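Asker: Just one file: data_22.tsv, with TSV, C-alpha atoms (C1' of nucleotides).
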chain	number	residue	atom	x	y	z
A	655	MET	CA	190.77	13.42	-84.34
A	656	SER	CA	187.98	11.12	-85.39
A	657	ARG	CA	184.39	11.61	-84.45
A	658	ALA	CA	184.69	8.77	-81.98
A	659	GLU	CA	187.77	10.27	-80.39
A	660	ALA	CA	186.10	13.60	-80.02
A	661	ALA	CA	183.24	11.87	-78.29
A	662	VAL	CA	185.67	10.14	-75.95
A	663	GLU	CA	187.23	13.49	-75.09
A	664	THR	CA	183.85	14.91	-74.31
A	665	ILE	CA	182.92	11.95	-72.19
A	666	GLN	CA	186.03	12.34	-70.09
A	667	ARG	CA	185.62	16.04	-69.66
A	668	GLU	CA	181.95	16.03	-68.83
A	669	MET	CA	182.33	13.19	-66.40
A	670	THR	CA	184.86	15.25	-64.55
A	671	VAL	CA	182.64	18.28	-64.42
A	672	PHE	CA	179.91	16.11	-63.09
A	673	ALA	CA	182.12	14.62	-60.42
A	674	ARG	CA	183.38	17.96	-59.16
A	675	ARG	CA	179.93	19.44	-58.93
A	676	ALA	CA	178.62	16.37	-57.20
A	677	ARG	CA	181.29	16.66	-54.58
A	678	ALA	CA	180.65	20.32	-54.06
A	679	SER	CA	176.93	19.99	-53.73
A	680	ALA	CA	177.10	16.95	-51.50
A	681	GLY	CA	178.47	19.04	-48.69
A	682	ARG	CA	175.66	21.53	-49.01
A	683	MET	CA	172.85	19.06	-49.44
A	684	HIS	CA	173.62	16.74	-46.59
A	685	PRO	CA	176.45	17.87	-44.38
A	686	GLU	CA	175.97	14.88	-42.15
A	687	LEU	CA	176.86	12.45	-44.91
A	688	SER	CA	179.85	13.05	-47.12
A	689	LEU	CA	179.75	11.95	-50.71
A	690	VAL	CA	181.98	9.03	-49.93
A	691	SER	CA	179.94	7.95	-46.97
A	692	TYR	CA	176.76	8.24	-48.95
A	693	THR	CA	178.22	6.19	-51.72
A	694	LEU	CA	179.40	3.48	-49.38
A	695	LEU	CA	176.06	3.30	-47.64
A	696	GLY	CA	174.36	3.07	-50.99
A	697	HIS	CA	176.60	0.26	-52.01
A	698	LEU	CA	175.87	-1.61	-48.82
A	699	GLU	CA	172.18	-1.27	-49.34
A	700	GLU	CA	172.37	-2.35	-52.92
A	701	SER	CA	174.60	-5.30	-52.22
A	702	GLY	CA	172.88	-6.27	-49.02
A	703	GLY	CA	176.11	-6.23	-47.06
A	704	CYS	CA	179.66	-6.83	-48.10
A	705	ARG	CA	183.25	-6.74	-46.95
A	706	ALA	CA	185.43	-3.69	-46.64
A	707	THR	CA	187.76	-5.11	-49.24
A	708	ASP	CA	184.93	-5.30	-51.73
A	709	LEU	CA	184.20	-1.65	-51.25
A	710	ALA	CA	187.83	-0.76	-51.71
A	711	ALA	CA	188.08	-2.72	-54.93
A	712	HIS	CA	184.86	-1.40	-56.34
A	713	TYR	CA	185.73	2.23	-55.80
A	714	ALA	CA	189.46	1.92	-56.33
A	715	LEU	CA	190.15	3.09	-52.80
A	716	ASP	CA	192.90	2.00	-50.51
A	717	LYS	CA	191.80	-0.43	-47.86
A	718	SER	CA	192.99	1.93	-45.17
A	719	THR	CA	190.73	4.64	-46.50
A	720	VAL	CA	187.77	2.34	-46.43
A	721	SER	CA	188.71	1.17	-42.99
A	722	ARG	CA	188.54	4.71	-41.65
A	723	GLN	CA	185.34	5.54	-43.45
A	724	VAL	CA	183.76	2.42	-42.13
A	725	ALA	CA	184.92	3.20	-38.63
A	726	ALA	CA	183.31	6.63	-38.86
A	727	LEU	CA	180.06	5.21	-40.14
A	728	GLU	CA	180.03	2.71	-37.36
A	729	ARG	CA	180.67	5.39	-34.75
A	730	ALA	CA	177.73	7.27	-36.24
A	731	GLY	CA	175.63	4.18	-35.79
A	732	LEU	CA	174.78	3.85	-39.46
A	733	ILE	CA	176.36	0.49	-40.07
A	734	GLU	CA	177.41	-2.50	-38.06
A	735	ARG	CA	180.11	-5.04	-38.54
A	736	ARG	CA	179.53	-8.70	-38.05
A	737	LEU	CA	182.35	-11.17	-37.93
A	738	ASP	CA	181.98	-13.76	-40.61
A	739	PRO	CA	181.62	-17.04	-38.73
A	740	GLU	CA	183.32	-18.87	-41.60
A	741	ASP	CA	186.39	-16.67	-41.66
A	742	HIS	CA	187.31	-14.59	-38.68
A	743	ARG	CA	189.40	-12.24	-40.71
A	744	VAL	CA	186.32	-10.99	-42.50
A	745	GLN	CA	183.86	-8.40	-41.31
A	746	VAL	CA	180.54	-8.25	-43.02
A	747	LEU	CA	179.23	-4.70	-43.09
A	748	GLN	CA	175.56	-3.98	-42.95
A	749	LEU	CA	173.28	-1.01	-42.65
A	750	THR	CA	171.60	-0.45	-39.33
A	751	GLU	CA	168.05	0.80	-39.22
A	752	ALA	CA	169.35	4.29	-38.60
A	753	GLY	CA	171.60	3.91	-41.60
A	754	GLN	CA	168.73	2.87	-43.81
A	755	GLU	CA	166.75	5.81	-42.52
A	756	ILE	CA	169.41	8.42	-43.25
A	757	LEU	CA	170.30	6.87	-46.56
A	758	GLY	CA	166.68	6.93	-47.58
A	759	GLN	CA	166.28	10.59	-46.74
A	760	VAL	CA	169.38	11.67	-48.55
A	761	THR	CA	168.52	9.55	-51.54
A	762	LEU	CA	165.15	11.21	-51.85
A	763	ARG	CA	166.70	14.66	-51.72
A	764	ARG	CA	169.34	13.80	-54.25
A	765	ARG	CA	166.95	12.08	-56.54
A	766	ALA	CA	164.65	15.06	-56.55
A	767	ALA	CA	167.52	17.36	-57.46
A	768	VAL	CA	168.73	15.12	-60.23
A	769	ARG	CA	165.24	14.66	-61.53
A	770	GLU	CA	164.93	18.39	-61.76
A	771	ARG	CA	167.95	18.53	-64.00
A	772	LEU	CA	166.77	15.61	-66.05
A	773	VAL	CA	163.24	16.80	-66.36
A	774	ASP	CA	163.42	17.18	-70.10
A	775	PHE	CA	165.09	13.84	-70.71
A	776	PRO	CA	162.61	11.40	-72.14
A	777	GLU	CA	162.47	8.22	-70.12
A	778	GLU	CA	163.95	6.30	-72.98
A	779	ASP	CA	167.04	8.49	-72.98
A	780	LEU	CA	167.42	8.15	-69.24
A	781	VAL	CA	167.40	4.42	-69.51
A	782	ARG	CA	169.90	4.45	-72.32
A	783	PHE	CA	172.12	6.90	-70.48
A	784	ALA	CA	172.15	4.66	-67.44
A	785	ALA	CA	172.93	1.66	-69.60
A	786	TYR	CA	175.90	3.39	-71.16
A	787	LEU	CA	177.35	4.21	-67.78
A	788	GLU	CA	176.92	0.71	-66.49
A	789	ARG	CA	178.46	-0.69	-69.58
A	790	TYR	CA	181.39	1.63	-69.35
A	791	ASN	CA	182.09	0.83	-65.73
A	792	ALA	CA	181.61	-2.86	-66.21
A	793	ALA	CA	184.17	-2.95	-69.00
A	794	PRO	CA	186.95	-5.55	-68.82
A	795	ASP	CA	188.78	-4.05	-65.93
A	796	GLY	CA	190.12	-0.68	-65.08
A	797	ALA	CA	193.65	-1.43	-64.14
A	798	THR	CA	194.49	0.75	-67.09
A	799	ASP	CA	192.48	3.82	-66.47
A	800	ARG	CA	189.39	5.10	-64.67
B	887	MET	CA	160.21	3.41	-58.06
B	888	SER	CA	159.48	4.12	-61.67
B	889	ARG	CA	161.66	3.02	-64.52
B	890	ALA	CA	162.91	6.57	-64.90
B	891	GLU	CA	163.76	6.84	-61.21
B	892	ALA	CA	165.65	3.61	-61.31
B	893	ALA	CA	167.61	4.96	-64.23
B	894	VAL	CA	168.37	8.13	-62.30
B	895	GLU	CA	169.66	6.07	-59.40
B	896	THR	CA	171.90	4.15	-61.70
B	897	ILE	CA	173.20	7.30	-63.32
B	898	GLN	CA	174.15	8.74	-59.96
B	899	ARG	CA	175.81	5.60	-58.76
B	900	GLU	CA	177.76	4.85	-61.89
B	901	MET	CA	178.91	8.41	-62.26
B	902	THR	CA	180.37	8.18	-58.80
B	903	VAL	CA	182.13	4.94	-59.54
B	904	PHE	CA	183.57	6.50	-62.62
B	905	ALA	CA	184.77	9.56	-60.74
B	906	ARG	CA	186.51	7.57	-58.04
B	907	ARG	CA	188.28	5.33	-60.49
B	908	ALA	CA	189.33	8.28	-62.58
B	909	ARG	CA	190.89	9.92	-59.58
B	910	ALA	CA	192.67	6.77	-58.57
B	911	SER	CA	194.09	6.05	-61.98
B	912	ALA	CA	195.17	9.61	-62.60
B	913	GLY	CA	197.85	9.29	-59.98
B	914	ARG	CA	199.18	6.12	-61.54
B	915	MET	CA	198.99	7.18	-65.14
B	916	HIS	CA	200.59	10.59	-64.85
B	917	PRO	CA	202.00	11.35	-61.45
B	918	GLU	CA	203.26	14.69	-62.67
B	919	LEU	CA	199.77	15.95	-63.38
B	920	SER	CA	196.99	15.46	-60.86
B	921	LEU	CA	193.47	14.98	-62.05
B	922	VAL	CA	192.61	18.54	-61.08
B	923	SER	CA	195.61	20.00	-62.83
B	924	TYR	CA	194.91	17.97	-65.90
B	925	THR	CA	191.33	19.11	-65.94
B	926	LEU	CA	192.25	22.74	-65.54
B	927	LEU	CA	194.85	22.54	-68.29
B	928	GLY	CA	192.30	20.89	-70.52
B	929	HIS	CA	189.83	23.61	-69.84
B	930	LEU	CA	192.37	26.26	-70.69
B	931	GLU	CA	193.19	24.61	-73.94
B	932	GLU	CA	189.60	24.16	-74.88
B	933	SER	CA	188.62	27.69	-73.96
B	934	GLY	CA	191.77	29.26	-75.33
B	935	GLY	CA	192.49	31.04	-72.08
B	936	CYS	CA	190.24	32.23	-69.30
B	937	ARG	CA	190.19	33.73	-65.83
B	938	ALA	CA	190.69	31.90	-62.58
B	939	THR	CA	187.19	32.81	-61.54
B	940	ASP	CA	185.77	31.12	-64.60
B	941	LEU	CA	187.52	27.93	-63.67
B	942	ALA	CA	186.21	28.13	-60.15
B	943	ALA	CA	182.65	28.62	-61.32
B	944	HIS	CA	182.78	25.89	-63.91
B	945	TYR	CA	184.08	23.25	-61.56
B	946	ALA	CA	182.33	24.47	-58.45
B	947	LEU	CA	185.63	25.07	-56.72
B	948	ASP	CA	186.50	27.78	-54.27
B	949	LYS	CA	188.54	30.57	-55.76
B	950	SER	CA	191.27	29.99	-53.23
B	951	THR	CA	191.59	26.42	-54.39
B	952	VAL	CA	191.91	27.50	-57.97
B	953	SER	CA	194.38	30.16	-56.98
B	954	ARG	CA	196.69	27.59	-55.43
B	955	GLN	CA	196.33	25.16	-58.30
B	956	VAL	CA	197.09	27.88	-60.76
B	957	ALA	CA	200.09	28.96	-58.76
B	958	ALA	CA	201.42	25.42	-58.85
B	959	LEU	CA	200.88	25.12	-62.57
B	960	GLU	CA	202.66	28.37	-63.13
B	961	ARG	CA	205.59	27.29	-60.97
B	962	ALA	CA	205.75	24.17	-63.10
B	963	GLY	CA	205.90	26.37	-66.17
B	964	LEU	CA	202.78	24.91	-67.71
B	965	ILE	CA	200.71	28.06	-67.80
B	966	GLU	CA	201.30	31.78	-67.70
B	967	ARG	CA	199.24	34.63	-66.42
B	968	ARG	CA	198.80	37.79	-68.38
B	969	LEU	CA	197.28	40.85	-66.85
B	970	ASP	CA	194.23	41.88	-68.75
B	971	PRO	CA	195.09	45.32	-70.13
B	972	GLU	CA	191.44	46.32	-69.88
B	973	ASP	CA	191.04	45.41	-66.26
B	974	HIS	CA	194.03	45.05	-64.03
B	975	ARG	CA	192.21	42.95	-61.53
B	976	VAL	CA	191.96	40.17	-64.07
B	977	GLN	CA	194.59	37.60	-64.96
B	978	VAL	CA	194.13	35.75	-68.17
B	979	LEU	CA	195.53	32.25	-67.92
B	980	GLN	CA	197.04	30.52	-70.88
B	981	LEU	CA	198.94	27.37	-71.65
B	982	THR	CA	202.62	27.69	-72.32
B	983	GLU	CA	204.23	25.54	-74.95
B	984	ALA	CA	205.43	23.21	-72.25
B	985	GLY	CA	201.89	23.06	-70.94
B	986	GLN	CA	200.52	22.13	-74.33
B	987	GLU	CA	203.19	19.51	-74.67
B	988	ILE	CA	202.45	17.82	-71.36
B	989	LEU	CA	198.73	18.10	-71.79
B	990	GLY	CA	198.99	16.51	-75.20
B	991	GLN	CA	201.00	13.56	-73.89
B	992	VAL	CA	198.70	12.90	-71.01
B	993	THR	CA	195.66	13.25	-73.20
B	994	LEU	CA	196.97	10.65	-75.58
B	995	ARG	CA	197.64	8.23	-72.79
B	996	ARG	CA	194.25	8.75	-71.25
B	997	ARG	CA	192.47	8.57	-74.53
B	998	ALA	CA	194.12	5.28	-75.35
B	999	ALA	CA	193.06	3.86	-72.03
B	1000	VAL	CA	189.51	5.01	-72.38
B	1001	ARG	CA	189.33	3.80	-75.94
B	1002	GLU	CA	190.37	0.41	-74.74
B	1003	ARG	CA	187.41	0.33	-72.42
B	1004	LEU	CA	185.09	1.64	-75.04
B	1005	VAL	CA	186.35	-0.60	-77.76
B	1006	ASP	CA	183.06	-2.37	-78.18
B	1007	PHE	CA	180.97	0.78	-78.19
B	1008	PRO	CA	179.78	1.58	-81.66
B	1009	GLU	CA	180.68	5.09	-82.68
B	1010	GLU	CA	177.05	6.03	-82.70
B	1011	ASP	CA	176.69	5.09	-79.05
B	1012	LEU	CA	179.80	7.03	-78.14
B	1013	VAL	CA	178.43	10.14	-79.72
B	1014	ARG	CA	175.10	9.73	-78.01
B	1015	PHE	CA	176.76	9.03	-74.68
B	1016	ALA	CA	178.79	12.21	-74.99
B	1017	ALA	CA	175.69	14.17	-75.92
B	1018	TYR	CA	173.83	12.94	-72.86
B	1019	LEU	CA	176.62	14.05	-70.59
B	1020	GLU	CA	176.85	17.47	-72.14
B	1021	ARG	CA	173.14	17.87	-71.94
B	1022	TYR	CA	173.11	16.85	-68.32
B	1023	ASN	CA	175.86	19.22	-67.32
B	1024	ALA	CA	174.45	22.07	-69.31
B	1025	ALA	CA	171.10	21.77	-67.58
B	1026	PRO	CA	169.59	24.90	-66.04
B	1027	ASP	CA	171.99	25.32	-63.24
B	1028	GLY	CA	173.38	23.09	-60.60
B	1029	ALA	CA	172.80	25.14	-57.53
B	1030	THR	CA	170.57	22.29	-56.51
B	1031	ASP	CA	172.74	19.29	-56.97
B	1032	ARG	CA	175.73	18.03	-58.93
C	87	DA	C1'	204.54	-26.55	-37.11
C	88	DC	C1'	206.14	-23.13	-40.58
C	89	DT	C1'	205.49	-20.28	-44.23
C	90	DT	C1'	202.67	-17.65	-46.90
C	91	DC	C1'	198.59	-15.20	-47.92
C	92	DC	C1'	194.68	-12.28	-46.92
C	93	DC	C1'	191.80	-8.87	-44.07
C	94	DG	C1'	191.82	-5.14	-41.55
C	95	DT	C1'	194.05	-1.27	-38.48
C	96	DT	C1'	197.16	2.37	-37.46
C	97	DG	C1'	201.03	5.83	-38.04
C	98	DC	C1'	202.45	9.08	-41.13
C	99	DA	C1'	202.59	12.35	-44.73
C	100	DG	C1'	200.73	14.91	-48.58
C	101	DA	C1'	197.14	16.75	-51.61
C	102	DG	C1'	192.72	19.14	-52.17
C	103	DT	C1'	189.34	22.02	-50.22
C	104	DA	C1'	186.64	25.47	-47.94
C	105	DC	C1'	186.06	29.61	-45.29
C	106	DA	C1'	187.37	33.96	-43.79
C	107	DA	C1'	190.19	37.97	-43.75
C	108	DC	C1'	192.83	40.92	-46.61
C	109	DT	C1'	194.86	43.62	-50.75
C	110	DC	C1'	194.29	45.91	-54.86
C	111	DG	C1'	192.11	47.78	-58.93
C	112	DG	C1'	187.45	49.49	-60.75
C	113	DT	C1'	183.07	51.52	-60.66
C	114	DC	C1'	179.54	54.33	-59.04
C	115	DC	C1'	177.58	57.94	-56.96
C	116	DG	C1'	177.49	62.61	-54.38
D	1071	DC	C1'	187.64	64.77	-56.51
D	1072	DG	C1'	186.46	61.43	-52.60
D	1073	DG	C1'	184.42	57.84	-50.39
D	1074	DA	C1'	181.57	53.69	-50.58
D	1075	DC	C1'	181.17	49.58	-52.61
D	1076	DC	C1'	182.27	45.57	-55.72
D	1077	DG	C1'	184.95	42.00	-57.85
D	1078	DA	C1'	189.48	39.24	-58.67
D	1079	DG	C1'	192.97	37.00	-56.47
D	1080	DT	C1'	196.01	35.75	-52.41
D	1081	DT	C1'	197.04	34.02	-47.97
D	1082	DG	C1'	196.28	31.94	-43.27
D	1083	DT	C1'	194.11	28.20	-41.09
D	1084	DA	C1'	192.00	23.95	-40.36
D	1085	DC	C1'	189.96	19.74	-41.81
D	1086	DT	C1'	189.03	15.67	-44.73
D	1087	DC	C1'	190.39	12.26	-47.96
D	1088	DT	C1'	193.73	9.42	-49.54
D	1089	DG	C1'	197.76	6.38	-50.20
D	1090	DC	C1'	201.76	3.92	-48.60
D	1091	DA	C1'	204.08	1.27	-45.34
D	1092	DA	C1'	204.33	-1.36	-41.21
D	1093	DC	C1'	201.93	-4.40	-38.36
D	1094	DG	C1'	198.59	-7.94	-35.92
D	1095	DG	C1'	195.90	-11.98	-36.46
D	1096	DG	C1'	193.38	-15.55	-38.60
D	1097	DA	C1'	193.47	-19.00	-42.50
D	1098	DA	C1'	195.47	-22.17	-45.79
D	1099	DG	C1'	198.98	-25.00	-47.88
D	1100	DT	C1'	203.18	-27.70	-47.39
Translate this file's structure into structure tokens.
Answerer:
Amino acid sequence: MSRAEAAVETIQREMTVFARRARASAGRMHPELSLVSYTLLGHLEESGGCRATDLAAHYALDKSTVSRQVAALERAGLIERRLDPEDHRVQVLQLTEAGQEILGQVTLRRRAAVRERLVDFPEEDLVRFAAYLERYNAAPDGATDR
Amino acid sequence: MSRAEAAVETIQREMTVFARRARASAGRMHPELSLVSYTLLGHLEESGGCRATDLAAHYALDKSTVSRQVAALERAGLIERRLDPEDHRVQVLQLTEAGQEILGQVTLRRRAAVRERLVDFPEEDLVRFAAYLERYNAAPDGATDR
DNA sequence: ACTTCCCGTTGCAGAGTACAACTCGGTCCG
DNA sequence: CGGACCGAGTTGTACTCTGCAACGGGAAGT
């Protein structure tokens, strides 16, 4: 196994560890907002509103899953759906004020926790780390894997 | 938000994207081995055998969850449990030959897929990327987050 | 108009999890 | 020894997440 392949193995494995721990801690840190919900809210904030289908594609989730998650978030008053006037099939999802509020709080808590773990990462490494991840996820597609 | 904080945000977000896609593709790429099962098998291979409790701790899973997963893997003939002669409460888990076989196949398939995505990463970046992840996961603890 | 396509919802079923209660072997006093 | 306590694993229960398939309704092309 080449050096590069060993690195690839490590990347896969460590990503998985990360994911499992994230899931586990999410429940403890903010019971009112599951990891999925948090992620979706974050995406809405970042994108400034999008369609359910976009969310599904981005996170490789089934549209039915997203539909239910969205319904729950709407019931909780964290997002609202607006019918796209151009195309009545489409619902544009957007954060409500309450949603922004909650999202902001949870983000602060999470960020603090992550910062704590990353305290001895020089800023330069953080930036490079983030760039690697973005580059990985942006890669050609993903129909193959991940 | 400082440059470092922005990087932290990105790291969180992209890690999540990665995790979701990994889960989704696992089902398609190797239906016979869920992402969890694959991960556990991988851990057993890497560690050369360990206890169920170790798995639970490492992946922040409940011991009951691990117990069921392990039971399934054993039923499938991929691992075996040996009673620790020193302490009869303990079961040491190890890959069977069949387990090694399957794990090897799936690993090759996954690795190929990941390689494809990482094709334009210079080896040096791969190694550094892997190192970042290990460093992150090895950080003090994780009781806080992730 | 008719067909086809796309967005979203709902019924259904299965996997993954957690939590709590329990069993069993070990360890540590008294 | 004997009883209290601890740690590993199992099992019962309930819930969430998720995907697939079937469906309703609007939109677009012929």
Asker: Provide as a PyMOL selection string the residues of chain C at most 12 Å from chain A, counting all atoms listed in the file.
Answerer: chain C and resi 92-97+102-104
Asker: Could you tell me how far atom CA of Arg967 of chain B lies from atom CA of Leu979 of chain B, in Å and to one decimal?
Answerer: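 Separation between atom CA of Arg967 of chain B and atom CA of Leu979 of chain B: 4.7 Å.
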Asker: Report as JSON lines the residues of chain A within 8 Å of chain B, each with its shortest atom pair and distance in Å (one decimal), using all atoms listed in the file, ordered by chain and increasing residue number.
Answerer:
{"residue": "A:Arg657", "atom": "CA", "partner": "B:Glu1009", "partner_atom": "CA", "distance": 7.7}
{"residue": "A:Ala658", "atom": "CA", "partner": "B:Glu1009", "partner_atom": "CA", "distance": 5.5}
{"residue": "A:Glu659", "atom": "CA", "partner": "B:Arg997", "partner_atom": "CA", "distance": 7.7}
{"residue": "A:Ala661", "atom": "CA", "partner": "B:Val1013", "partner_atom": "CA", "distance": 5.3}
{"residue": "A:Val662", "atom": "CA", "partner": "B:Leu1012", "partner_atom": "CA", "distance": 7.0}
{"residue": "A:Glu663", "atom": "CA", "partner": "B:Arg997", "partner_atom": "CA", "distance": 7.2}
{"residue": "A:Thr664", "atom": "CA", "partner": "B:Ala1016", "partner_atom": "CA", "distance": 5.8}
{"residue": "A:Ile665", "atom": "CA", "partner": "B:Ala1016", "partner_atom": "CA", "distance": 5.0}
{"residue": "A:Arg667", "atom": "CA", "partner": "B:Thr925", "partner_atom": "CA", "distance": 7.5}
{"residue": "A:Glu668", "atom": "CA", "partner": "B:Leu1019", "partner_atom": "CA", "distance": 6.0}
{"residue": "A:Met669", "atom": "CA", "partner": "B:Leu1019", "partner_atom": "CA", "distance": 7.1}
{"residue": "A:Thr670", "atom": "CA", "partner": "B:Ala905", "partner_atom": "CA", "distance": 6.8}
{"residue": "A:Val671", "atom": "CA", "partner": "B:Tyr945", "partner_atom": "CA", "distance": 5.9}
{"residue": "A:Phe672", "atom": "CA", "partner": "B:Arg1032", "partner_atom": "CA", "distance": 6.2}
{"residue": "A:Ala673", "atom": "CA", "partner": "B:Ala905", "partner_atom": "CA", "distance": 5.7}
{"residue": "A:Arg674", "atom": "CA", "partner": "B:Tyr945", "partner_atom": "CA", "distance": 5.9}
{"residue": "A:Arg675", "atom": "CA", "partner": "B:Arg1032", "partner_atom": "CA", "distance": 4.4}
{"residue": "A:Ala676", "atom": "CA", "partner": "B:Arg1032", "partner_atom": "CA", "distance": 3.8}
{"residue": "A:Arg677", "atom": "CA", "partner": "B:Arg1032", "partner_atom": "CA", "distance": 7.2}
{"residue": "A:Ala678", "atom": "CA", "partner": "B:Ala946", "partner_atom": "CA", "distance": 6.3}
{"residue": "A:Ser679", "atom": "CA", "partner": "B:Asp1031", "partner_atom": "CA", "distance": 5.3}
{"residue": "A:Ala680", "atom": "CA", "partner": "B:Asp1031", "partner_atom": "CA", "distance": 7.4}
{"residue": "A:Met683", "atom": "CA", "partner": "B:Asp1031", "partner_atom": "CA", "distance": 7.5}
{"residue": "A:Thr693", "atom": "CA", "partner": "B:Arg899", "partner_atom": "CA", "distance": 7.5}
{"residue": "A:His712", "atom": "CA", "partner": "B:Val903", "partner_atom": "CA", "distance": 7.6}
{"residue": "A:Tyr713", "atom": "CA", "partner": "B:Arg906", "partner_atom": "CA", "distance": 5.8}
{"residue": "A:Ala714", "atom": "CA", "partner": "B:Arg907", "partner_atom": "CA", "distance": 5.5}
{"residue": "A:Leu715", "atom": "CA", "partner": "B:Ala910", "partner_atom": "CA", "distance": 7.3}
{"residue": "A:Arg764", "atom": "CA", "partner": "B:Asp1031", "partner_atom": "CA", "distance": 7.0}
{"residue": "A:Arg765", "atom": "CA", "partner": "B:Val894", "partner_atom": "CA", "distance": 7.1}
{"residue": "A:Ala767", "atom": "CA", "partner": "B:Asp1031", "partner_atom": "CA", "distance": 5.6}
{"residue": "A:Val768", "atom": "CA", "partner": "B:Asp1031", "partner_atom": "CA", "distance": 6.6}
{"residue": "A:Arg769", "atom": "CA", "partner": "B:Val894", "partner_atom": "CA", "distance": 7.3}
{"residue": "A:Arg771", "atom": "CA", "partner": "B:Ala1025", "partner_atom": "CA", "distance": 5.8}
{"residue": "A:Leu772", "atom": "CA", "partner": "B:Tyr1022", "partner_atom": "CA", "distance": 6.8}
{"residue": "A:Glu777", "atom": "CA", "partner": "B:Ala890", "partner_atom": "CA", "distance": 5.5}
{"residue": "A:Leu780", "atom": "CA", "partner": "B:Ala893", "partner_atom": "CA", "distance": 5.9}
{"residue": "A:Val781", "atom": "CA", "partner": "B:Ala893", "partner_atom": "CA", "distance": 5.3}
{"residue": "A:Phe783", "atom": "CA", "partner": "B:Phe1015", "partner_atom": "CA", "distance": 6.6}
{"residue": "A:Ala784", "atom": "CA", "partner": "B:Ile897", "partner_atom": "CA", "distance": 5.0}
{"residue": "A:Tyr786", "atom": "CA", "partner": "B:Phe1015", "partner_atom": "CA", "distance": 6.7}
{"residue": "A:Leu787", "atom": "CA", "partner": "B:Glu900", "partner_atom": "CA", "distance": 5.9}
{"residue": "A:Glu788", "atom": "CA", "partner": "B:Glu900", "partner_atom": "CA", "distance": 6.2}
{"residue": "A:Tyr790", "atom": "CA", "partner": "B:Leu1004", "partner_atom": "CA", "distance": 6.8}
{"residue": "A:Asn791", "atom": "CA", "partner": "B:Phe904", "partner_atom": "CA", "distance": 6.6}
{"residue": "A:Ala793", "atom": "CA", "partner": "B:Arg1003", "partner_atom": "CA", "distance": 5.7}
{"residue": "A:Pro794", "atom": "CA", "partner": "B:Arg1003", "partner_atom": "CA", "distance": 6.9}
{"residue": "A:Asp795", "atom": "CA", "partner": "B:Arg1003", "partner_atom": "CA", "distance": 7.9}
{"residue": "A:Gly796", "atom": "CA", "partner": "B:Arg907", "partner_atom": "CA", "distance": 7.8}
{"residue": "A:Ala797", "atom": "CA", "partner": "B:Ser911", "partner_atom": "CA", "distance": 7.8}
{"residue": "A:Thr798", "atom": "CA", "partner": "B:Ala999", "partner_atom": "CA", "distance": 6.0}
{"residue": "A:Asp799", "atom": "CA", "partner": "B:Ser911", "partner_atom": "CA", "distance": 5.3}
{"residue": "A:Arg800", "atom": "CA", "partner": "B:Ala908", "partner_atom": "CA", "distance": 3.8}
Asker: Please measure the separation of atom CA of Ala942 of chain B and atom C1' of DA99 of chain C, giving the value in Å to one decimal.
Answerer: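 Atom CA of Ala942 of chain B sits 27.5 Å away from atom C1' of DA99 of chain C.
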Asker: Dump as a Markdown table the rows for residues of chain D within 8 Å of chain B: closest atom pair and distance in Å with one decimal, all atoms listed in the file counted, ordered by chain and rising residue number.
Answerer:
| residue | atom | partner | partner_atom | distance |
| --- | --- | --- | --- | --- |
| D:DA1078 | C1' | B:Arg975 | CA | 5.4 |
| D:DG1079 | C1' | B:Ser953 | CA | 7.0 |
| D:DT1080 | C1' | B:Ser953 | CA | 7.4 |
Asker: Just how far from atom C1' of DG100 of chain C is atom CA of Glu728 of chain A, in Å to one decimal?
Answerer: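 Going from atom CA of Glu728 of chain A over to atom C1' of DG100 of chain C, I get 26.5 Å.
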